[in-house]
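Enquirer: Provided herewith is a single structure, encoded as structure tokens, for subsequent inquiry.
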Amino acid sequence: MAAEKMRVLIAEDSSIIRSLYVACLENAGFEVHQSTDGKRALAMVAVLKPDLLLADITMPGIDGISLIQRMRAHEDEMVRKIPVILVTASEDSQSRQQAALVGAARFLNKPVTAAQLLEAILQVVPAAAKR
């Protein structure tokens with residue numbers, strides 16, 4: 001039986017950026033799921049229990065910071081422990097501080113290269129290197 005692929009949920013409202021992330025991650029062998037907003041991502045996280053959430057900070061409805069806060073307060077311990085990499089186009093240091101306070105595992109600035117994305121994932125979920 002083949003090893004199970006690492007599951008990544010992408011929460012990104014830009015279809016172009018989401019497509020780039022999907023292509024990069026699928027090419028690297030990940031099982032990728034997508035959400036266009038934070039509210040849907042929160043519902044998907046509870047069902048999928050992905051190994052990692054890659055989320056934009058600025059999304060309609062629930063933003064990336066609020067999404068992490070809701071995950072960390074979730075009734076399901078598995079959901080509370082899912083690592084999150086936040087991505088933003090903003091250079092604002094307040095966003096970085098907020099991300100750290102709510103428990104983001106990493107914070108990346110757009111544009112993110114495939115190499116940067118994969119490196120961040122390997123740092124956050126070292127088991128990804130074994131897949």
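Residues are named by chain letter and number: chains run A, B, ... in the order of the structure tokens, numbers start at 1 in each chain, and ligands are numbered from 1 in the order shown.
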Give me the residues near Lys110 in chain A as a ChimeraX atom specification, where near means some atom within 10 Å (using only C-alpha atoms) and where sequence neighbours in that chain fewer than 5 positions away do not count.
Expert: /A:17,56,87-91
Enquirer: Keeping only N, CA and C atoms, write those residues as a compact mmCIF listing (two decimals), in the first residue's frame.
Expert:
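Output file result-v9.txt follows:
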# COMPACT_ATOMS: atom_id res chain seq x y z
N ILE A 17 -3.69 32.95 -7.32
CA ILE A 17 -2.70 32.54 -6.30
C ILE A 17 -3.01 31.12 -5.82
N ASP A 56 -4.36 32.76 3.60
CA ASP A 56 -4.13 34.18 3.39
C ASP A 56 -4.63 34.91 4.64
N VAL A 87 -0.06 33.72 4.93
CA VAL A 87 0.57 34.43 3.83
C VAL A 87 -0.13 35.76 3.67
N THR A 88 0.65 36.80 3.37
CA THR A 88 0.05 38.12 3.19
C THR A 88 0.84 38.95 2.19
N ALA A 89 0.15 39.89 1.58
CA ALA A 89 0.81 40.83 0.68
C ALA A 89 1.28 42.06 1.46
N SER A 90 0.86 42.16 2.70
CA SER A 90 1.19 43.32 3.54
C SER A 90 2.55 43.16 4.21
N GLU A 91 3.28 44.23 4.27
CA GLU A 91 4.58 44.22 4.95
C GLU A 91 4.44 44.69 6.40
Enquirer: DSSP on the backbone, helix (DSSP H, G or I) only: what residues of chain A does that give? Format it as a ChimeraX atom specification.
Expert: /A:15-27,38-48,64-72,77-80,93-102,114-124,126-130
Enquirer: To one decimal place, how far is CA of Arg18 in chain A from CA of Val32 in chain A in Å?
Expert: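 Result for CA of Arg18 in chain A versus CA of Val32 in chain A: 10.6 Å, one decimal.
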Enquirer: Can you pull out the residues contacting Pro50 in chain A? Cut-off 8 Å, using only C-alpha atoms, and skip same-chain residues under 5 positions away; I want them as a list of chain:residue names.
Expert: A:Met6, A:Arg7, A:Val8, A:Leu9, A:Val45, A:Ile82
Enquirer: As a list in words, please: the residues near Ser66 in chain A (cut-off 9 Å, only C-alpha atoms, same-chain neighbours under 4 positions excluded).
Expert: Gly38, Ile57, Ile62, Arg70, Met71 and Val102 of chain A
Enquirer: For the residues selected in the previous step, produce a file with C-alpha atoms as a short mmCIF file (atom, residue, chain, number, x, y, z; two decimals), in the first residue's frame.
Expert:
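Everything below was put into result.cif:
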data_model
loop_
_atom_site.label_atom_id
_atom_site.label_comp_id
_atom_site.auth_asym_id
_atom_site.auth_seq_id
_atom_site.Cartn_x
_atom_site.Cartn_y
_atom_site.Cartn_z
CA GLY A 38 -12.10 31.61 5.96
CA ILE A 57 -4.48 36.78 6.12
CA ILE A 62 -13.23 35.28 8.42
CA ARG A 70 -11.33 29.81 15.96
CA MET A 71 -9.25 26.72 15.21
CA VAL A 102 -2.60 33.50 17.69
#
